[in-house]
$ cat target_28.csv   # CSV, C-alpha atoms
chain,number,residue,atom,x,y,z
M,273,MET,CA,-0.1,23.4,20.6
M,274,ARG,CA,-3.0,24.9,22.5
M,275,SER,CA,-5.1,22.3,24.4
M,276,ASP,CA,-8.3,23.6,22.7
M,277,VAL,CA,-7.1,23.0,19.2
M,278,ARG,CA,-7.8,19.5,17.9
M,279,PRO,CA,-5.8,18.0,15.1
M,280,ALA,CA,-7.5,17.4,11.8
M,281,VAL,CA,-6.8,13.7,11.8
M,282,THR,CA,-5.0,11.0,13.8
M,283,PHE,CA,-2.8,8.3,12.5
M,284,SER,CA,-2.7,4.5,12.9
M,285,GLN,CA,-0.1,3.7,10.2
M,286,PHE,CA,3.4,4.9,10.6
M,287,VAL,CA,6.0,4.6,7.8
M,288,VAL,CA,9.5,4.9,9.2
M,289,LYS,CA,12.3,5.5,6.7
M,290,LEU,CA,15.3,3.8,8.2
M,291,HIS,CA,17.4,4.2,5.1
M,292,SER,CA,17.1,6.6,2.2
M,293,ARG,CA,19.0,4.7,-0.5
M,294,CYS,CA,18.3,1.5,-2.4
M,295,ASP,CA,20.4,-1.3,-3.9
M,296,PHE,CA,17.9,-1.7,-6.8
M,297,ALA,CA,17.5,0.8,-9.7
M,298,CYS,CA,13.9,0.2,-10.7
M,299,PRO,CA,13.1,2.5,-13.7
M,300,ASP,CA,9.7,3.4,-12.5
M,301,CYS,CA,10.3,3.8,-8.7
M,302,TYR,CA,8.2,6.6,-7.3
M,303,VAL,CA,10.9,7.6,-4.8
M,304,TYR,CA,13.9,7.8,-7.1
M,305,ALA,CA,12.7,7.9,-10.7
M,306,LEU,CA,9.7,10.2,-10.8
M,307,ARG,CA,9.3,13.9,-9.8
M,308,ASP,CA,10.7,14.3,-6.3
M,309,THR,CA,14.4,14.3,-5.4
M,310,GLY,CA,14.1,14.8,-1.7
M,311,TRP,CA,15.8,11.5,-1.0
M,312,SER,CA,19.1,13.0,-2.2
M,313,THR,CA,19.3,15.4,0.8
M,314,GLN,CA,18.5,12.8,3.4
M,315,PRO,CA,21.1,11.1,5.5
M,316,ARG,CA,21.7,7.6,4.3
M,317,ALA,CA,20.6,6.0,7.6
M,318,MET,CA,18.3,7.3,10.3
M,319,PRO,CA,20.6,8.5,13.2
M,320,TYR,CA,20.3,7.0,16.7
M,321,GLU,CA,18.6,10.1,18.3
M,322,VAL,CA,16.0,10.2,15.5
M,323,ARG,CA,15.2,6.5,15.9
M,324,GLU,CA,14.7,7.1,19.7
M,325,LEU,CA,12.5,10.2,19.0
M,326,THR,CA,10.5,8.5,16.3
M,327,ALA,CA,9.6,5.6,18.7
M,328,ARG,CA,8.6,8.1,21.4
M,329,ARG,CA,6.5,10.3,19.1
M,330,ILE,CA,4.6,7.2,17.7
M,331,ALA,CA,3.9,5.8,21.1
M,332,ASP,CA,2.8,9.2,22.4
M,333,HIS,CA,0.3,9.6,19.5
M,334,VAL,CA,-1.1,6.1,19.9
M,335,ARG,CA,-1.4,6.6,23.7
M,336,ALA,CA,-3.3,9.8,23.2
M,337,HIS,CA,-5.7,8.6,20.5
M,338,ARG,CA,-6.0,4.8,21.1
M,339,PRO,CA,-6.7,3.5,17.6
M,340,PRO,CA,-7.9,-0.1,17.4
M,341,ARG,CA,-4.4,-1.1,16.3
M,342,ALA,CA,-1.2,0.5,15.1
M,343,ARG,CA,0.9,-0.5,12.2
M,344,VAL,CA,4.6,0.6,12.0
M,345,MET,CA,6.2,-0.2,8.7
M,346,LEU,CA,10.0,-0.1,8.3
M,347,HIS,CA,10.7,1.3,4.9
M,348,GLY,CA,13.2,3.1,2.7
M,349,GLY,CA,14.9,3.1,0.2
M,350,GLU,CA,15.7,-0.4,1.2
M,351,PRO,CA,15.3,-0.5,5.0
M,352,LEU,CA,17.6,-3.5,5.5
M,353,LEU,CA,20.5,-1.4,4.2
M,354,ALA,CA,20.3,0.3,7.6
M,355,GLY,CA,21.9,-2.8,9.0
M,356,GLU,CA,21.0,-5.2,11.8
M,357,ARG,CA,22.1,-2.9,14.6
M,358,ARG,CA,20.0,0.1,13.6
M,359,VAL,CA,16.9,-2.1,12.8
M,360,ALA,CA,17.2,-3.9,16.2
M,361,HIS,CA,17.7,-0.6,18.0
M,362,PHE,CA,14.5,0.9,16.6
M,363,ALA,CA,12.5,-2.2,17.3
M,364,GLU,CA,13.8,-2.2,20.9
M,365,ALA,CA,13.1,1.5,21.3
M,366,LEU,CA,9.5,1.1,20.0
M,367,HIS,CA,8.7,-2.0,22.1
M,368,GLY,CA,10.1,-0.2,25.1
M,369,ARG,CA,7.7,2.7,24.6
M,370,TRP,CA,4.9,0.2,24.1
M,371,ARG,CA,5.2,-1.5,27.5
M,372,ASP,CA,2.2,0.4,29.1
M,373,LEU,CA,0.1,0.3,25.9
M,374,ASP,CA,-2.6,-2.3,25.3
M,375,ILE,CA,-3.0,-1.3,21.7
M,376,PRO,CA,-2.0,-4.1,19.3
M,377,LEU,CA,1.3,-3.3,17.5
M,378,GLU,CA,2.0,-4.6,14.0
M,379,LEU,CA,5.7,-4.2,13.2
M,380,VAL,CA,6.5,-4.9,9.5
M,381,VAL,CA,9.4,-4.4,7.2
M,382,GLN,CA,8.7,-3.9,3.5
M,383,THR,CA,11.8,-5.0,1.6
M,384,ASN,CA,13.0,-6.0,-1.8
M,385,GLY,CA,14.3,-9.1,-0.1
M,386,ALA,CA,17.9,-9.1,-1.5
M,387,GLN,CA,19.5,-8.5,1.9
M,388,ILE,CA,17.6,-11.2,3.8
M,389,THR,CA,19.9,-13.9,5.4
M,390,PRO,CA,19.3,-16.3,8.3
M,391,SER,CA,20.8,-13.8,10.7
M,392,TRP,CA,18.1,-11.3,9.6
M,393,LEU,CA,15.4,-13.9,10.3
M,394,ASP,CA,16.8,-14.4,13.8
M,395,LEU,CA,16.6,-10.6,14.4
M,396,PHE,CA,13.0,-10.5,13.1
M,397,HIS,CA,12.0,-13.4,15.4
M,398,ARG,CA,13.6,-11.6,18.4
M,399,HIS,CA,11.8,-8.3,17.8
M,400,GLY,CA,8.5,-9.5,16.4
M,401,ILE,CA,9.0,-8.1,12.9
M,402,ARG,CA,7.0,-9.6,10.0
M,403,VAL,CA,8.3,-9.3,6.4
M,404,GLY,CA,6.6,-8.1,3.3
M,405,VAL,CA,8.6,-8.6,0.0
M,406,SER,CA,8.2,-7.0,-3.4
M,407,LEU,CA,8.0,-9.5,-6.3
M,408,ASP,CA,6.6,-8.7,-9.7
M,409,GLY,CA,5.4,-12.1,-10.8
M,410,THR,CA,7.5,-14.1,-13.3
M,411,ARG,CA,11.2,-14.0,-13.8
M,412,GLU,CA,10.8,-12.0,-17.0
M,413,ALA,CA,8.5,-9.4,-15.6
M,414,HIS,CA,10.4,-9.0,-12.3
M,415,ASP,CA,13.8,-8.6,-14.0
M,416,ARG,CA,12.4,-6.1,-16.4
M,417,ARG,CA,11.3,-3.8,-13.6
M,418,ARG,CA,13.5,-4.6,-10.6
M,419,ARG,CA,17.2,-4.4,-11.6
M,420,ARG,CA,20.6,-3.7,-10.1
M,421,ARG,CA,22.3,-0.5,-11.3
M,422,SER,CA,24.4,-2.7,-13.6
M,423,GLY,CA,21.2,-3.8,-15.3
M,424,ARG,CA,21.3,-7.3,-13.8
M,425,GLY,CA,18.0,-8.8,-12.8
M,426,THR,CA,17.2,-9.5,-9.1
M,427,TYR,CA,14.7,-12.4,-9.4
M,428,ASP,CA,17.1,-15.0,-8.1
M,429,ASP,CA,18.1,-12.9,-5.1
M,430,VAL,CA,14.4,-12.4,-4.1
M,431,LEU,CA,13.6,-16.1,-4.5
M,432,LYS,CA,16.4,-17.0,-2.2
M,433,ALA,CA,14.9,-14.7,0.4
M,434,LEU,CA,11.4,-16.2,-0.1
M,435,GLU,CA,12.8,-19.7,0.4
M,436,LEU,CA,14.1,-18.6,3.8
M,437,LEU,CA,10.8,-16.9,4.7
M,438,ARG,CA,8.7,-20.0,3.7
M,439,ALA,CA,10.6,-21.9,6.3
M,440,HIS,CA,9.6,-19.3,8.9
M,441,PRO,CA,5.9,-18.7,8.1
M,442,SER,CA,5.3,-16.7,11.3
M,443,LEU,CA,7.5,-14.0,9.8
M,444,TYR,CA,6.1,-14.0,6.2
M,445,ALA,CA,3.7,-11.2,5.8
M,446,GLY,CA,3.1,-11.4,2.1
M,447,LEU,CA,4.0,-10.2,-1.4
M,448,LEU,CA,3.6,-6.9,-3.1
M,449,CYS,CA,3.3,-6.8,-6.9
M,450,ALA,CA,3.0,-3.9,-9.2
M,451,VAL,CA,0.6,-4.3,-12.1
M,452,ASP,CA,2.5,-4.6,-15.4
M,453,LEU,CA,0.5,-4.5,-18.6
M,454,GLU,CA,3.3,-6.2,-20.5
M,455,ALA,CA,3.1,-9.2,-18.2
M,456,ASP,CA,0.4,-11.9,-18.6
M,457,PRO,CA,-2.0,-11.4,-15.7
M,458,VAL,CA,-2.7,-15.1,-15.0
M,459,GLU,CA,1.0,-16.0,-15.3
M,460,THR,CA,1.8,-13.2,-12.9
M,461,TYR,CA,-0.7,-14.4,-10.3
M,462,GLU,CA,0.3,-18.0,-10.6
M,463,ALA,CA,4.0,-17.1,-10.3
M,464,LEU,CA,3.2,-15.3,-7.1
M,465,LEU,CA,1.2,-18.2,-5.8
M,466,LYS,CA,4.2,-20.5,-6.2
M,467,GLN,CA,5.9,-18.5,-3.4
M,468,GLN,CA,3.1,-19.6,-1.0
M,469,PRO,CA,2.4,-16.0,0.3
M,470,PRO,CA,0.0,-15.6,3.2
M,471,SER,CA,-1.4,-12.6,1.4
M,472,LEU,CA,-1.0,-10.7,-1.8
M,473,ASP,CA,-1.3,-7.0,-2.7
M,474,LEU,CA,-1.5,-5.6,-6.2
M,475,LEU,CA,-0.6,-2.0,-6.9
M,476,LEU,CA,-1.5,0.2,-9.8
M,477,PRO,CA,1.6,2.1,-11.2
M,478,LEU,CA,1.8,5.5,-9.7
M,479,GLY,CA,0.7,8.2,-12.1
M,480,THR,CA,-1.3,11.4,-12.1
M,481,ARG,CA,-3.6,13.3,-14.4
M,482,GLN,CA,-0.6,15.4,-15.4
M,483,HIS,CA,1.7,12.4,-15.9
M,484,PRO,CA,-0.6,9.4,-16.6
M,485,PRO,CA,0.8,5.8,-16.2
M,486,PRO,CA,1.7,3.9,-19.3
M,487,GLY,CA,-1.0,2.3,-21.4
M,488,LEU,CA,-3.9,4.7,-20.6
M,489,GLU,CA,-5.6,5.9,-23.8
M,490,SER,CA,-9.0,7.5,-24.3
M,491,GLY,CA,-11.7,4.9,-24.4
M,492,HIS,CA,-9.5,2.0,-23.3
M,493,THR,CA,-9.4,0.4,-19.8
M,494,PRO,CA,-6.2,-1.8,-20.0
M,495,TYR,CA,-5.7,-1.9,-16.2
M,496,ALA,CA,-9.3,-2.9,-15.6
M,497,ARG,CA,-9.0,-5.8,-18.1
M,498,TRP,CA,-5.7,-6.9,-16.5
M,499,LEU,CA,-7.1,-6.9,-13.0
M,500,ALA,CA,-10.4,-8.5,-14.1
M,501,THR,CA,-8.5,-11.4,-15.6
M,502,VAL,CA,-6.6,-12.0,-12.4
M,503,PHE,CA,-9.8,-11.5,-10.4
M,504,ASP,CA,-11.6,-14.2,-12.3
M,505,ARG,CA,-8.7,-16.6,-11.9
M,506,TRP,CA,-8.7,-15.9,-8.1
M,507,PHE,CA,-12.5,-15.8,-7.7
M,508,ASP,CA,-13.1,-19.0,-9.7
M,509,ALA,CA,-10.5,-21.1,-7.8
M,510,PRO,CA,-12.2,-24.2,-6.2
M,511,VAL,CA,-10.6,-23.2,-2.9
M,512,ARG,CA,-9.5,-19.8,-1.5
M,513,GLU,CA,-5.8,-19.8,-2.5
M,514,VAL,CA,-4.7,-16.5,-1.0
M,515,PRO,CA,-6.2,-13.2,0.3
M,516,VAL,CA,-5.7,-10.4,-2.2
M,517,ARG,CA,-6.2,-7.1,-0.5
M,518,MET,CA,-7.3,-5.2,-3.6
M,519,PHE,CA,-10.0,-7.8,-4.3
M,520,ASP,CA,-11.1,-8.6,-0.8
M,521,SER,CA,-11.6,-5.0,0.1
M,522,LEU,CA,-13.6,-4.2,-3.0
M,523,VAL,CA,-15.9,-7.2,-2.4
M,524,ASP,CA,-16.4,-6.0,1.2
M,525,VAL,CA,-17.4,-2.6,0.0
M,526,LEU,CA,-19.8,-3.9,-2.7
M,527,LEU,CA,-21.5,-6.1,0.0
M,528,GLY,CA,-22.0,-3.1,2.2
M,529,GLY,CA,-19.0,-3.5,4.5
M,530,SER,CA,-16.1,-1.3,5.3
M,531,THR,CA,-12.8,-1.5,3.5
M,532,GLY,CA,-10.2,-0.9,6.1
M,533,THR,CA,-7.8,0.3,3.3
M,534,GLU,CA,-7.3,3.4,1.3
M,535,LEU,CA,-7.9,1.5,-2.0
M,536,TRP,CA,-11.7,1.6,-1.9
M,537,GLY,CA,-14.3,3.6,-0.1
M,538,VAL,CA,-14.2,7.1,1.1
M,539,GLY,CA,-12.1,6.8,4.3
M,540,GLY,CA,-8.8,8.0,2.8
M,541,SER,CA,-5.4,7.2,4.2
M,542,ASP,CA,-4.3,7.6,7.8
M,543,VAL,CA,-0.6,7.2,6.9
M,544,VAL,CA,2.2,9.4,8.2
M,545,VAL,CA,5.8,9.1,7.0
M,546,VAL,CA,9.0,9.8,9.1
M,547,GLN,CA,12.1,10.5,7.0
M,548,PRO,CA,15.6,9.5,8.1
M,549,ASP,CA,16.3,13.1,9.3
M,550,GLY,CA,13.1,13.2,11.3
M,551,ALA,CA,11.0,15.2,8.8
M,552,ILE,CA,7.3,14.4,9.0
M,553,GLU,CA,5.7,13.8,5.6
M,554,GLN,CA,2.4,12.8,4.0
M,555,ASN,CA,1.9,9.5,2.2
M,556,ASP,CA,4.9,8.6,0.1
M,557,ILE,CA,2.9,8.1,-3.1
M,558,LEU,CA,2.7,11.9,-3.4
M,559,LYS,CA,6.3,11.8,-4.6
M,560,ALA,CA,4.8,10.9,-7.9
M,561,VAL,CA,3.1,14.4,-8.1
M,562,HIS,CA,5.8,17.0,-8.0
M,563,GLU,CA,8.9,18.1,-6.0
M,564,GLY,CA,8.0,18.5,-2.3
M,565,ALA,CA,4.4,17.4,-2.7
M,566,ALA,CA,4.6,15.1,0.4
M,567,GLY,CA,6.3,17.7,2.6
M,568,THR,CA,4.7,19.3,5.6
M,569,GLY,CA,7.3,21.5,7.2
M,570,PHE,CA,6.9,19.6,10.4
M,571,HIS,CA,9.8,17.8,12.1
M,572,LEU,CA,9.9,15.4,15.1
M,573,ALA,CA,12.5,17.5,16.9
M,574,ARG,CA,10.0,20.4,17.0
M,575,HIS,CA,6.6,18.9,16.6
M,576,SER,CA,4.5,16.1,17.9
M,577,LEU,CA,2.5,13.9,15.5
M,578,ASP,CA,-0.7,15.6,16.9
M,579,GLU,CA,0.7,19.0,15.7
M,580,ALA,CA,1.7,17.5,12.3
M,581,ALA,CA,-1.8,16.0,11.9
M,582,ALA,CA,-3.2,19.6,11.6
M,583,HIS,CA,-1.4,20.0,8.2
M,584,PRO,CA,-4.0,20.6,5.5
M,585,GLY,CA,-2.6,17.8,3.4
M,586,PHE,CA,-3.6,15.2,6.0
M,587,ALA,CA,-7.0,16.8,6.3
M,588,ALA,CA,-7.5,16.7,2.5
M,589,GLU,CA,-6.6,13.0,2.5
M,590,ARG,CA,-9.4,12.3,5.0
M,591,ALA,CA,-11.9,14.8,3.7
M,592,GLY,CA,-14.2,12.1,2.3
M,593,ILE,CA,-16.6,12.8,-0.5
M,594,GLY,CA,-16.7,16.6,0.3
M,595,GLY,CA,-13.0,16.8,-0.7
M,596,LEU,CA,-13.5,15.4,-4.2
M,597,CYS,CA,-14.1,17.2,-7.4
M,598,ALA,CA,-17.7,17.8,-8.6
M,599,THR,CA,-17.5,15.0,-11.2
M,600,CYS,CA,-16.6,12.5,-8.5
M,601,ARG,CA,-19.2,13.9,-6.0
M,602,ASP,CA,-22.0,13.4,-8.6
M,603,CYS,CA,-20.9,9.9,-9.6
M,604,PRO,CA,-23.0,7.0,-8.3
M,605,LEU,CA,-19.9,4.9,-7.7
M,606,VAL,CA,-18.1,7.4,-5.4
M,607,HIS,CA,-18.9,5.4,-2.3
M,608,VAL,CA,-17.2,2.4,-3.9
M,609,CYS,CA,-14.1,4.0,-5.4
M,610,GLY,CA,-13.7,7.0,-3.1
M,611,GLY,CA,-12.4,9.0,-6.0
M,612,GLY,CA,-9.3,6.8,-6.2
M,613,LEU,CA,-5.9,7.6,-4.6
M,614,ARG,CA,-5.2,11.3,-4.0
M,615,ALA,CA,-2.0,11.3,-6.0
M,616,HIS,CA,-3.8,9.9,-9.1
M,617,ARG,CA,-6.1,13.0,-9.2
M,618,TYR,CA,-3.3,15.6,-9.5
M,619,ARG,CA,-3.0,18.0,-12.4
M,620,ASP,CA,-0.8,21.2,-12.4
M,621,ALA,CA,-3.6,23.5,-13.4
M,622,ASN,CA,-6.0,22.7,-10.6
M,623,GLY,CA,-4.2,20.4,-8.1
M,624,TYR,CA,-6.2,17.5,-6.9
M,625,ASP,CA,-9.6,18.7,-8.1
M,626,ASN,CA,-9.9,16.0,-10.7
M,627,PRO,CA,-11.1,12.4,-11.1
M,628,SER,CA,-8.5,9.8,-10.9
M,629,CYS,CA,-6.3,9.1,-13.9
M,630,TYR,CA,-7.6,5.6,-13.5
M,631,CYS,CA,-11.3,6.7,-13.4
M,632,ALA,CA,-12.4,4.7,-16.5
M,633,ASP,CA,-10.5,1.6,-15.3
M,634,LEU,CA,-11.9,1.8,-11.8
M,635,LYS,CA,-15.4,2.0,-13.2
M,636,ALA,CA,-14.9,-0.9,-15.5
M,637,PHE,CA,-13.3,-3.1,-12.8
M,638,ILE,CA,-16.0,-2.3,-10.2
M,639,ALA,CA,-18.6,-3.2,-12.8
M,640,HIS,CA,-16.9,-6.5,-13.5
M,641,VAL,CA,-16.4,-7.5,-9.9
M,642,SER,CA,-20.0,-6.4,-9.1
M,643,GLU,CA,-21.3,-8.7,-11.8
M,644,ARG,CA,-19.3,-11.6,-10.7
M,645,VAL,CA,-20.3,-11.2,-7.0
M,646,ASN,CA,-24.0,-10.6,-8.0
M,647,ASP,CA,-24.0,-13.8,-10.1
M,648,SER,CA,-22.5,-15.8,-7.2
M,649,LEU,CA,-25.2,-14.5,-4.9
M,650,LEU,CA,-27.9,-15.4,-7.3
M,651,ALA,CA,-26.4,-18.9,-7.7
M,652,LEU,CA,-26.3,-19.3,-4.0
M,653,VAL,CA,-30.0,-18.3,-3.7
M,654,LYS,CA,-31.0,-20.8,-6.3
M,655,GLU,CA,-28.9,-23.6,-4.7
M,656,CYS,CA,-30.6,-22.9,-1.3
M,657,HIS,CA,-34.0,-22.9,-3.0
M,658,ASN,CA,-34.7,-19.5,-1.5
M,659,PRO,CA,-36.8,-17.5,-3.9
M,660,VAL,CA,-35.9,-13.8,-4.5
M,661,THR,CA,-38.7,-11.7,-3.3
M,662,GLY,CA,-39.5,-8.0,-3.4
M,663,GLN,CA,-39.6,-5.5,-6.2
M,664,GLY,CA,-36.9,-4.9,-8.8
M,665,ASN,CA,-34.8,-7.0,-11.1
M,666,PRO,CA,-33.1,-9.9,-9.2
M,667,SER,CA,-30.3,-9.9,-11.8
M,668,THR,CA,-29.0,-6.7,-10.2
M,669,MET,CA,-29.2,-7.9,-6.6
M,670,GLY,CA,-26.3,-6.8,-4.6
M,671,MET,CA,-25.0,-4.2,-7.1
M,672,PRO,CA,-24.4,-0.6,-5.9
M,673,ALA,CA,-26.3,2.2,-7.5
M,674,GLY,CA,-24.8,3.2,-10.9
M,675,VAL,CA,-23.2,-0.2,-11.7
M,676,GLU,CA,-24.4,-1.9,-14.8
M,677,PRO,CA,-23.7,-5.6,-15.3
M,678,LEU,CA,-21.2,-6.3,-18.1
M,679,HIS,CA,-22.3,-8.6,-20.9

$ encode --input "target_28.csv" --output "structure tokens"
Amino acid sequence: MRSDVRPAVTFSQFVVKLHSRCDFACPDCYVYALRDTGWSTQPRAMPYEVRELTARRIADHVRAHRPPRARVMLHGGEPLLAGERRVAHFAEALHGRWRDLDIPLELVVQTNGAQITPSWLDLFHRHGIRVGVSLDGTREAHDRRRRRRSGRGTYDDVLKALELLRAHPSLYAGLLCAVDLEADPVETYEALLKQQPPSLDLLLPLGTRQHPPPGLESGHTPYARWLATVFDRWFDAPVREVPVRMFDSLVDVLLGGSTGTELWGVGGSDVVVVQPDGAIEQNDILKAVHEGAAGTGFHLARHSLDEAAAHPGFAAERAGIGGLCATCRDCPLVHVCGGGLRAHRYRDANGYDNPSCYCADLKAFIAHVSERVNDSLLALVKECHNPVTGQGNPSTMGMPAGVEPLH
């Protein structure tokens, strides 16, 4: 790469696919059950030389660009299927490359939890690896969505892992839950709370304009209503029970702050994915779009991450408002929703030049949260006996342009 050519973006989040297969058979998995079959051509586990090269490429990129912090996520498939020896080797290789770096390193494994044993916890302690676990709420909801190939549910397996993690809170990173319209939202939230997570993250099902997620119908906003119900339960709790990334980051944006996530705002994602064979790919969620949508043609054996960052897909992810369709650019809420996740905008006819398939739900949920936050601010003002001054209607204090209170 010529020294006078600057990459389009830099990365601070690195997803490392240590294993390409999974011991669960979830019917709506974006890796195995949607529109990309690239996993089937990958080696089952990342080879030794690729693990070494991955650690070096990540450290070189961080050393060159010095982000405030770097997050390396061990992923799959199910990453723990790679085995303790491979996971330990990669962690050792990465820490070895990090010795002369003063950039904070967050090393996390995202797992379905079924493989976790006390020996795994010992390994995580030795190598500074924190653990995020996927759990979809109640037993009924989880076993409907996260099953073995035999059809057997996995709820009991995951709860055994969480029992171990609760005894080692320094390792417990949090829970990840997919929104399920068939599940009661409050029951889902409270089932997650029972596992005492240090944080929660809620994910909308991956869909596109071409292949929308289940439940979306013209004029209806089922996902907004589901999320609003959970938000109210969370927001109205007498004490702060748990950070919820989707909620916290939206409130931050509504109050004029920065999100720090790709969920809200216009920053986009700075994620890069390394496959078991060393291929460099875009954000994994693009596997919901079409065959090869996440591919770049770059490979660690031939390219640095700086070179890969020049791929137009990464640039499009970080293009901000200028990279959105005209409908989104003209929308007064664009600075809040950021147009939604890039995968959610895709349609075969015109690529990503569309509003999110969740557009109506995002608008409705933003309106709901704006109203709740605004009402709380007004109540605080009254409690402090601080009169609202200035022009305009104080009932819309704190709301972004274009958001109307819900009544």

$ atom_distance --input "target_28.csv" --atom1 "CA of Ala587 in chain M" --atom2 "CA of Val546 in chain M"
17.7 Å

$ atom_distance --input "target_28.csv" --atom1 "CA of Phe519 in chain M" --atom2 "CA of His616 in chain M"
19.4 Å

$ closest_residue --input "target_28.csv" --among "M:Pro469, M:Gly425, M:Pro457, M:Gly592" --to "Pro441 in chain M" --atoms "only C-alpha atoms"
M:Pro469

$ closest_residue --input "target_28.csv" --among "M:Leu577, M:Arg481, M:Pro510, M:Pro548" --to "Cys631 in chain M" --atoms "all atoms listed in the file"
M:Arg481

$ atom_distance --input "target_28.csv" --atom1 "CA of Gln285 in chain M" --atom2 "CA of Gly529 in chain M"
21.0 Å

$ residues_around --input "target_28.csv" --residues "Ala560 in chain M" --least-positions-apart "3" --cutoff "8 Å" --atoms "all atoms listed in the file" --output "compact mmCIF listing (two decimals) with C-alpha atoms, keeping the file's coordinate frame"
# COMPACT_ATOMS: atom_id res chain seq x y z
CA TYR M 302 8.20 6.60 -7.30
CA VAL M 303 10.90 7.60 -4.80
CA LEU M 306 9.70 10.20 -10.80
CA ARG M 307 9.30 13.90 -9.80
CA ASP M 308 10.70 14.30 -6.30
CA LEU M 478 1.80 5.50 -9.70
CA GLY M 479 0.70 8.20 -12.10
CA THR M 480 -1.30 11.40 -12.10
CA ILE M 557 2.90 8.10 -3.10
CA ALA M 615 -2.00 11.30 -6.00
